[in-house]
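Down below is the structure, laid out as structure tokens.
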Amino acid sequence: MRAFTSPSSRLSSCLLAAVVAAGLNGCGGEVAVGFGWHSGPHWPDHPDWPSYPDRPQGATGLFPIAGDICGQCTTTRDGTGPDARFNAPQGIGADDAGNLYVAEPASAVIRKITPAGVVTTLAGSPGVIGQADGQGAAARFNTPTRLTTDAGANVYVTDTGNSTVRRITSGGLAGTVAGSGSCGSQDGRGTFAQFCSPRGIALDRHGNLWVADSGNHTVRRIDQAGNVSTVAGSPGVCGSRDGKGGQARFCDPQDVGVDQWDNVYVVDTGNSTVRMIDEDGTVTTLAGQAGQCGSNDGSPGVSRLCAPSGIAVEGNDLYVTDTGNATVRRINLDNVTSTVAGVPGRQQIVLGALPGGLERPIGITLAPDRSFALTAHNMVVKLLPPR
């Protein structure tokens with residue numbers, strides 16, 4: 001059973017999760033929102049596909065939000081629903097007004113999807129790579145990969161190619177939170193600190209940002225004052241070892257998530273595992289076996305993943321995009337892994353009834369009707385999982 005720092009019992013944990021979900025969504029972490037779907041020239045008409053907030057009781061499946069199923073859709077284009085185009089989107093997050101935000105590394109932009117499915121470019125200029133703060137299209141990014149939001153609809157982005165963490169206001173003004181622009185591992189404040197190809201990012205209930213610093217094989221924290229510290233892992237050392245702080249080892253971690261008990265979950269992509277850092281900084285392995293790519297469901301000693309790359313936290317459950325397997329996996333409180341969507345080894349978008357099909361799912365975020373939005377191939381897809 002996964003260990004929580006407070007409260008100590010599973011019953012108390014469940015009660016607290018219910019309270020938080022009901023009334024404290026603005027306190028930090030991923031903010032829950034809901035999205036409908038839009039029929040269009042490339043989407044078949046499925047009147048039974050549920051949309052928020054009118055989800056039928058017990059409905060499950062994979063449903064379109066924006067983008068389209070097409071073999072070589074490498075264009076970035078604003079539009080509504082299936083008329084919009086994404087170019088290999090990755091990270092995804094949401095604000096409490098019902099908007100989704102998508103990191104599009106190949107085009108060096110951050111996109112926004114309204115609850116009506118209208119897709120616009122929030123910051124950056126498609127195909128123009130650089131490093132510059134500024135308003136909207138004047139901002140420049142280099143391979144932005146993951147993002148998260150706060151209660152004020154500010155978007156925090158790992159600008160991976162620039163080795164920085166950026167902040168975009170709701171009005172599209174981009175600034176730099178931390179990182180010098182060069183690859184390194186130095187702790188410090190703001191732009192005096194260094195990252196190396198950071199990817200995953202999450203916000204905790206205290207206002208701290210957690211970063212999976214992929215190139216350094218470490219997990220870093222940025223406090224509210226902008227101070228960057230290394231919490232776990234050893235800079236530049238790729239490995240797999242449980243332990244406390246610098247004794248632990250990761251290999252190319254690509255995403256992080258935080259629960260309301262201050263546990264931090266790490267998608268340790270290079271090891272094909274999911275790890276947990278507790279409040280004391282001790283790292284344990286929850287799922288997968290280091291160095292073994294597979295798709296087995298089951299307990300930690302049995303379960304296998306293959307190059308997972310995204311995570312969303314829902315109460316006591318973790319939802320992981322298992323990219324190499326083309327699936328979404330769930331890890332429950334007892335650390336038992338199950339497959340929620342997709343068919344292991346089949347990289348293909350198949351919408352509708354589960355298990356459906358996914359192609360290189362990467363980003364995943366939670367919605368208020370307890371559905372999930374995720375990026376797969378060149379689409380943003382809604383997942384209604386079984387309960």
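Note on naming: chains are A, B, ... as they come in the structure tokens, residues start from 1 per chain, ligands start from 1 in the order shown.
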
- Once DSSP has gone over the backbone, tell me which residues of segment 162-225 of chain A are in strand (DSSP E or B), as a ChimeraX atom specification. /A:164-168,173-178,183,188-189,195,201-203,209-213,218-222

Using only C-alpha atoms, what does the table of segment 60-115 of chain A residues within 8 Å of segment 358-382 of chain A look like, with each row giving the shortest atom pair and its distance in Å to one decimal, sorted by chain and ascending number, as a tab-separated table?
residue	atom	partner	partner_atom	distance
A:Leu62	CA	A:Lys382	CA	5.6
A:Phe63	CA	A:Lys382	CA	5.0
A:Pro64	CA	A:Val381	CA	4.7
A:Ile65	CA	A:Val381	CA	5.3
A:Ala66	CA	A:Val380	CA	5.3
A:Gly67	CA	A:Met379	CA	4.5
A:Asp68	CA	A:Met379	CA	5.8
A:Ile69	CA	A:Met379	CA	7.0
A:Cys70	CA	A:Asn378	CA	7.9
A:Cys73	CA	A:Asn378	CA	6.7
A:Thr74	CA	A:Asn378	CA	7.8
A:Arg85	CA	A:Asn378	CA	7.2
A:Phe86	CA	A:Asn378	CA	5.2
A:Asn87	CA	A:Asn378	CA	5.8
A:Ala88	CA	A:Asn378	CA	5.2
A:Pro89	CA	A:Thr375	CA	6.2
A:Gln90	CA	A:Gly363	CA	5.2
A:Gly91	CA	A:Gly363	CA	4.4
A:Ile92	CA	A:Gly363	CA	5.2
A:Gly93	CA	A:Thr365	CA	5.6
A:Ala94	CA	A:Thr365	CA	7.2

The selected residues should be written to file as a compact mmCIF listing (two decimals), in the first residue's frame (atoms: N, CA, C and O atoms).
# COMPACT_ATOMS: atom_id res chain seq x y z
N LEU A 62 -13.15 6.77 -25.59
CA LEU A 62 -12.23 7.77 -26.08
C LEU A 62 -12.97 8.64 -27.09
O LEU A 62 -13.59 8.14 -28.02
N PHE A 63 -12.87 9.97 -26.91
CA PHE A 63 -13.64 10.90 -27.74
C PHE A 63 -12.78 12.08 -28.14
O PHE A 63 -11.88 12.49 -27.40
N PRO A 64 -13.03 12.67 -29.32
CA PRO A 64 -12.18 13.76 -29.81
C PRO A 64 -12.48 15.09 -29.14
O PRO A 64 -13.62 15.39 -28.82
N ILE A 65 -11.44 15.89 -28.92
CA ILE A 65 -11.58 17.27 -28.46
C ILE A 65 -11.15 18.23 -29.56
O ILE A 65 -11.88 19.13 -29.92
N ALA A 66 -9.95 18.02 -30.11
CA ALA A 66 -9.46 18.90 -31.18
C ALA A 66 -8.36 18.19 -31.95
O ALA A 66 -7.72 17.27 -31.45
N GLY A 67 -8.15 18.64 -33.19
CA GLY A 67 -7.23 17.96 -34.09
C GLY A 67 -7.95 16.86 -34.84
O GLY A 67 -9.15 16.66 -34.68
N ASP A 68 -7.21 16.12 -35.66
CA ASP A 68 -7.85 15.14 -36.52
C ASP A 68 -6.96 13.91 -36.70
O ASP A 68 -5.75 13.97 -36.49
N ILE A 69 -7.59 12.82 -37.07
CA ILE A 69 -6.85 11.59 -37.37
C ILE A 69 -6.37 11.68 -38.82
O ILE A 69 -7.16 11.67 -39.75
N CYS A 70 -5.08 11.81 -38.99
CA CYS A 70 -4.52 11.84 -40.34
C CYS A 70 -3.06 11.43 -40.26
O CYS A 70 -2.40 11.63 -39.23
N CYS A 73 -0.22 14.84 -40.45
CA CYS A 73 -0.71 16.19 -40.11
C CYS A 73 0.38 16.93 -39.36
O CYS A 73 0.35 16.99 -38.14
N THR A 74 1.34 17.47 -40.04
CA THR A 74 2.45 18.15 -39.37
C THR A 74 2.31 19.66 -39.44
O THR A 74 3.28 20.40 -39.27
N ARG A 85 -5.18 22.02 -36.30
CA ARG A 85 -4.09 21.09 -36.53
C ARG A 85 -3.02 21.26 -35.45
O ARG A 85 -2.68 22.37 -35.06
N PHE A 86 -2.51 20.11 -34.98
CA PHE A 86 -1.40 20.08 -34.04
C PHE A 86 -0.24 19.34 -34.69
O PHE A 86 -0.45 18.43 -35.49
N ASN A 87 0.96 19.71 -34.30
CA ASN A 87 2.15 19.06 -34.81
C ASN A 87 2.85 18.37 -33.64
O ASN A 87 3.63 18.98 -32.91
N ALA A 88 2.53 17.09 -33.45
CA ALA A 88 3.13 16.28 -32.39
C ALA A 88 3.04 16.94 -31.02
O ALA A 88 4.05 17.21 -30.38
N PRO A 89 1.82 17.22 -30.53
CA PRO A 89 1.66 17.85 -29.21
C PRO A 89 2.12 16.92 -28.10
O PRO A 89 2.07 15.69 -28.24
N GLN A 90 2.54 17.52 -26.99
CA GLN A 90 3.00 16.71 -25.86
C GLN A 90 2.26 17.10 -24.58
O GLN A 90 1.18 16.61 -24.30
N GLY A 91 2.84 17.98 -23.76
CA GLY A 91 2.24 18.30 -22.47
C GLY A 91 0.89 18.96 -22.58
O GLY A 91 0.60 19.68 -23.53
N ILE A 92 0.03 18.71 -21.57
CA ILE A 92 -1.31 19.29 -21.55
C ILE A 92 -1.69 19.62 -20.11
O ILE A 92 -1.33 18.91 -19.17
N GLY A 93 -2.39 20.73 -19.94
CA GLY A 93 -2.87 21.15 -18.63
C GLY A 93 -4.18 21.90 -18.81
O GLY A 93 -4.64 22.11 -19.93
N ALA A 94 -4.77 22.33 -17.69
CA ALA A 94 -6.07 22.96 -17.75
C ALA A 94 -6.20 24.05 -16.69
O ALA A 94 -5.54 23.99 -15.66

- Message: So that I can see what lies close to segment 176-193 of chain A, please list as a list in words the residues with an atom at most 7 Å from it, counting only C-alpha atoms and leaving out residues fewer than 4 positions away in the same chain.
- Response: Asp133, Asn162, Ser163, Thr164, Val165, Arg166, Arg167, Asn216, Gly226, Asn227, Val228, Ser229, Thr230 and Pro235 of chain A

Resulting file, chosen residues, N, CA and C atoms, as a PDB file, in the first residue's frame:
ATOM      1  N   ASP A 133      11.412  36.463 -24.090  1.00  0.00           N
ATOM      2  CA  ASP A 133      10.169  36.793 -23.408  1.00  0.00           C
ATOM      3  C   ASP A 133       9.411  37.800 -24.259  1.00  0.00           C
ATOM      4  N   ASN A 162      15.715  25.277 -24.342  1.00  0.00           N
ATOM      5  CA  ASN A 162      16.411  26.407 -23.734  1.00  0.00           C
ATOM      6  C   ASN A 162      16.835  26.130 -22.294  1.00  0.00           C
ATOM      7  N   SER A 163      16.470  24.952 -21.768  1.00  0.00           N
ATOM      8  CA  SER A 163      16.795  24.575 -20.385  1.00  0.00           C
ATOM      9  C   SER A 163      16.310  25.622 -19.385  1.00  0.00           C
ATOM     10  N   THR A 164      15.076  26.074 -19.584  1.00  0.00           N
ATOM     11  CA  THR A 164      14.468  27.053 -18.690  1.00  0.00           C
ATOM     12  C   THR A 164      13.043  26.645 -18.337  1.00  0.00           C
ATOM     13  N   VAL A 165      12.510  27.310 -17.317  1.00  0.00           N
ATOM     14  CA  VAL A 165      11.098  27.207 -16.973  1.00  0.00           C
ATOM     15  C   VAL A 165      10.477  28.569 -17.235  1.00  0.00           C
ATOM     16  N   ARG A 166       9.419  28.588 -18.029  1.00  0.00           N
ATOM     17  CA  ARG A 166       8.784  29.842 -18.453  1.00  0.00           C
ATOM     18  C   ARG A 166       7.393  29.975 -17.835  1.00  0.00           C
ATOM     19  N   ARG A 167       6.907  31.188 -17.774  1.00  0.00           N
ATOM     20  CA  ARG A 167       5.565  31.482 -17.270  1.00  0.00           C
ATOM     21  C   ARG A 167       4.834  32.325 -18.311  1.00  0.00           C
ATOM     22  N   ASN A 216      19.556  16.064 -16.425  1.00  0.00           N
ATOM     23  CA  ASN A 216      20.343  15.866 -15.214  1.00  0.00           C
ATOM     24  C   ASN A 216      19.961  14.608 -14.448  1.00  0.00           C
ATOM     25  N   GLY A 226      11.289  31.627  -6.042  1.00  0.00           N
ATOM     26  CA  GLY A 226      12.106  31.371  -7.225  1.00  0.00           C
ATOM     27  C   GLY A 226      13.387  30.632  -6.954  1.00  0.00           C
ATOM     28  N   ASN A 227      13.563  30.121  -5.716  1.00  0.00           N
ATOM     29  CA  ASN A 227      14.769  29.375  -5.382  1.00  0.00           C
ATOM     30  C   ASN A 227      14.676  27.948  -5.905  1.00  0.00           C
ATOM     31  N   VAL A 228      15.687  27.510  -6.628  1.00  0.00           N
ATOM     32  CA  VAL A 228      15.726  26.174  -7.218  1.00  0.00           C
ATOM     33  C   VAL A 228      16.623  25.279  -6.365  1.00  0.00           C
ATOM     34  N   SER A 229      16.129  24.107  -6.011  1.00  0.00           N
ATOM     35  CA  SER A 229      16.919  23.137  -5.255  1.00  0.00           C
ATOM     36  C   SER A 229      16.733  21.754  -5.859  1.00  0.00           C
ATOM     37  N   THR A 230      17.730  20.908  -5.673  1.00  0.00           N
ATOM     38  CA  THR A 230      17.667  19.526  -6.140  1.00  0.00           C
ATOM     39  C   THR A 230      17.180  18.650  -4.998  1.00  0.00           C
ATOM     40  N   PRO A 235      22.956  14.746 -10.157  1.00  0.00           N
ATOM     41  CA  PRO A 235      23.101  15.379 -11.474  1.00  0.00           C
ATOM     42  C   PRO A 235      24.060  14.628 -12.391  1.00  0.00           C
TER      43      PRO A 235
END

- Query: If we count only C-alpha atoms, what is near Ser107 of chain A at a cut-off of 6 Å, once residues fewer than 3 positions away on the same chain are taken out, given as number ranges by chain?
  - Reply: A: 104, 126-127

Those residues with C-alpha atoms, as a PDB file, in the first residue's frame please?
ATOM      1  CA  GLU A 104       3.749  21.772 -29.097  1.00  0.00           C
ATOM      2  CA  PRO A 126       4.841  28.432 -35.281  1.00  0.00           C
ATOM      3  CA  GLY A 127       8.157  27.125 -36.541  1.00  0.00           C
TER       4      GLY A 127
END

- Could you state the separation of atom CA of Gly233 of chain A and atom CA of Met276 of chain A in Å, given to one decimal place? 12.3 Å

- Message: Quick check, in Å to one decimal: how far apart do atom CA of Pro82 of chain A and atom CA of Ala353 of chain A lie?
- Response: 19.5 Å

Backbone DSSP call of helix (DSSP H, G or I) for segment 70-223 of chain A, listed as a PDB file with C-alpha atoms, in the first residue's frame:
ATOM      1  CA  GLY A  81     -12.369  21.003 -33.261  1.00  0.00           C
ATOM      2  CA  PRO A  82     -11.285  18.836 -36.217  1.00  0.00           C
ATOM      3  CA  ASP A  83     -10.380  21.882 -38.309  1.00  0.00           C
ATOM      4  CA  PRO A 105       7.532  21.266 -29.170  1.00  0.00           C
ATOM      5  CA  ALA A 106       7.898  20.675 -32.910  1.00  0.00           C
ATOM      6  CA  SER A 107       6.354  24.074 -33.671  1.00  0.00           C
ATOM      7  CA  GLY A 136       1.957  36.338 -27.699  1.00  0.00           C
ATOM      8  CA  ALA A 137       3.604  35.768 -31.072  1.00  0.00           C
ATOM      9  CA  ALA A 138       6.626  37.855 -30.032  1.00  0.00           C
ATOM     10  CA  THR A 160      13.282  22.068 -22.858  1.00  0.00           C
ATOM     11  CA  GLY A 161      15.562  23.229 -25.653  1.00  0.00           C
ATOM     12  CA  ASN A 162      16.411  26.407 -23.734  1.00  0.00           C
ATOM     13  CA  GLY A 190      15.738  32.342 -10.783  1.00  0.00           C
ATOM     14  CA  THR A 191      18.004  32.739 -13.790  1.00  0.00           C
ATOM     15  CA  PHE A 192      21.120  32.010 -11.704  1.00  0.00           C
ATOM     16  CA  SER A 214      15.525  15.055 -17.620  1.00  0.00           C
ATOM     17  CA  GLY A 215      19.048  15.813 -18.786  1.00  0.00           C
ATOM     18  CA  ASN A 216      20.343  15.866 -15.214  1.00  0.00           C
TER      19      ASN A 216
END

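Closest approach to Asp268 of chain A among A:Thr121, A:Ser309, A:Gln247, A:Thr60 is made by A:Ser309 (distances from only C-alpha atoms).
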
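Distances from A:Gln347, A:Thr285, A:Thr327, A:Asn263 to Ser240 of chain A were compared using only C-alpha atoms, and the smallest one belongs to A:Thr285.
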